[in-house]
Each structure stands twice: as structure tokens, then as C-alpha cells.
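S.K.: Here it is, the structure, as C-alpha cells.
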2 protein chains.
Amino acid sequence: MNEAWLDEIRWTADDLVPAIAQQADSGKILMFAWMNRESLRLTAAEGYAVYWSRSRNKLWRKGEESGHRQKVLGIYLDCDEDVVLLKIEQQGGIACHTGRESCFYRQLQGDRWQPVEPVLKDPEAIYRIS
Amino acid sequence: MNEAWLDEIRWTADDLVPAIAQQADSGKILMFAWMNRESLRLTAAEGYAVYWSRSRNKLWRKGEESGHRQKVLGIYLDCDEDVVLLKIEQQGGIACHTGRESCFYRQLQGDRWQPVEPVLKDPEAIYRIS
């Protein structure tokens, strides 16, 4: 497959691009992560979100441990060619490692960040090795 | 006002945080930009989005030239405290400097980025100095 579309992206000095994952049907923003060239190429090729874990310094197939994979319905690029948007279908309905649907679960209320979304599943149960 | 909520953010080495702007009613993702501490403080205080322009190295009151201001209805923080989400009401219905509603107007189709959103207003008309 022609990879010219990957060359159009303006990668950071670390060869990464930020990626936003949005639930396709509800429009809810679920998470934000980073991709390198290989993870974006794999995301397009496999149809499931693959990120680059900056903390673990390796490819991160979202849901590889939790089963909460993200089926990719569309990949979009912004006007500056430096941010990617994924429209996805979140399997299990949970994107956040805290057990919530979305990572953006705190809202600024007055001068405090308040949790405004419920924990749907105990995080320990999500990642428990059987 | 207590600024402890700003201290909770994990700023980058450049003292910035990425910010996603989402149209509150439709859920559409309109743009992605960066904020420094002062711009986020002003966003909360003024109720309109203020970003940090990395290219111009200055505060950027979104819409200051175009009139396409972003009224902020909610400010959210992610689980890692390193990404901010703004739910906004986009004035003029145009967030992108290309004259489109959203900056994410190109979709990957096969191996090409294809524009999938119309230009609503000629960019020259948006920024023309009268």
C-alpha cells in the first residue's frame, strides 16, 4: 500500500502525532493518546486503534489486556496535518483505565476538578490476569 | 480565585497542555490547540477560549480577528491530567482558518486524505481587514 498519506503528517520532533478517539455514534470524546508512524499504519491496516505508549516505549494495541478494543470507523486529519482524529466503536463501553467510559471524566466546577462520570467497572477487574 | 486546579495539570516541558474544542450540542470536534497556564486561567475566567499560539509565541484569543469566538460551556480534564477538553459554542459556525466548521475536514479514504467538509466562507473574507 502506498504510504504517501503517512508522509503528509507533520510528526513531532519525537516522530509522534496526537490522536483523539471519539465514539462514532454518540460523539463522546473517549481518550487522547499518541501515535508513531507504525501505529498509525497498523491502525489503518488492522481497523483497530494502535497507539504508541510513551511510558512503555512500545506499540500499544488498545485493549490488548482489557479487551476494550477500539474498532476504527474513520480516520481524520486536521488542517495543520499534525493531529489525528479517530471515530471509533469502543468495545466494552470503557476507554479509561479507571473503569469509566471516557478519560475526560472531571469537570472544572468553580475552582475544583469534580468527577462527573461513574466508574462502570472496577479497574482491578479490568486488568486482572486470569 | 484559588489556582490549585491549575497546579493539578501536568504541563509539558514547554509548560503547555493540549486542548480539544468540541461543539457542545452536536459533539463535533472542531479543533485542537495548546494552552499555557495563563491561557487556561483566562479561558475559565472570561468564558471564551484563549489558547497559546506556538507559532506566534503569544496568547491567542480565538476569534479575535475573525469574530469566530468560542463560548466555553464546560472544561474537562483527562485521567492523566495532561489533556483538556473544552465543550464550546462556536460563534459563526466556523472554527477552521480554511473557512470550514471543523479543522478535521480530511478523511483517510484508501490511501488518500480526502476533504469531506465544505468551505463555508472564503478564508480571505474571514480575515480581511476592513
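Residues in the C-alpha cells are named by chain (A, B, ... in the order shown) and by number from 1 within that chain; ligands are numbered from 1 in the order shown.
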Considering only C-alpha atoms, extract the chain B residues located within 7 Å of chain A and return them as a list in words.
M.R.: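 Those within range of chain A come out as Asn2, Trp5, Gly27, Lys28, Gly74, Ile75, Tyr76, Leu77, Asp78, Cys79, Cys103, Phe104, Tyr105, Arg106, Gln107, Leu108, Asp111, Arg112 and Trp113 of chain B.
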S.K.: Grab the residues selected above and save them as a PDB file, in the first residue's frame with C-alpha atoms.
M.R.:
```
ATOM      1  CA  ASN B   2      -7.746  29.659  44.137  1.00  0.00           C
ATOM      2  CA  TRP B   5      -6.741  23.470  39.965  1.00  0.00           C
ATOM      3  CA  GLY B  27     -20.461  16.705  19.711  1.00  0.00           C
ATOM      4  CA  LYS B  28     -18.420  17.631  16.658  1.00  0.00           C
ATOM      5  CA  GLY B  74     -17.514  23.250  30.165  1.00  0.00           C
ATOM      6  CA  ILE B  75     -13.861  22.477  30.871  1.00  0.00           C
ATOM      7  CA  TYR B  76     -12.817  18.861  31.396  1.00  0.00           C
ATOM      8  CA  LEU B  77      -9.571  17.134  32.372  1.00  0.00           C
ATOM      9  CA  ASP B  78      -8.463  13.627  31.494  1.00  0.00           C
ATOM     10  CA  CYS B  79      -7.294  10.837  33.788  1.00  0.00           C
ATOM     11  CA  CYS B 103     -10.273  21.600  11.282  1.00  0.00           C
ATOM     12  CA  PHE B 104     -10.657  17.813  10.918  1.00  0.00           C
ATOM     13  CA  TYR B 105     -12.071  18.032   7.428  1.00  0.00           C
ATOM     14  CA  ARG B 106      -9.989  15.352   5.710  1.00  0.00           C
ATOM     15  CA  GLN B 107     -10.751  11.660   5.926  1.00  0.00           C
ATOM     16  CA  LEU B 108      -8.466   8.806   5.008  1.00  0.00           C
ATOM     17  CA  ASP B 111      -4.515   5.651   0.860  1.00  0.00           C
ATOM     18  CA  ARG B 112      -5.502   9.303   0.405  1.00  0.00           C
ATOM     19  CA  TRP B 113      -6.685  12.135   2.635  1.00  0.00           C
TER      20      TRP B 113
END
```
S.K.: Please report the interatomic distance between atom CA of Ala19 of chain A and atom CA of Met35 of chain A in Å with one decimal.
M.R.: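 Distance reported for this atom pair: 6.6 Å.
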S.K.: Which residue is closest to Gly63 of chain B? Choose from B:Ala45, B:Ile88, B:Val119, B:Ile94 and count only C-alpha atoms.
M.R.: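 Using only C-alpha atoms, the shortest distance to Gly63 of chain B belongs to B:Ile94.
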S.K.: Just to confirm, what's the straight-line distance from atom CA of Ser39 of chain B to atom CA of Trp52 of chain B in Å (one decimal)?
M.R.: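 The value is 6.3 Å.
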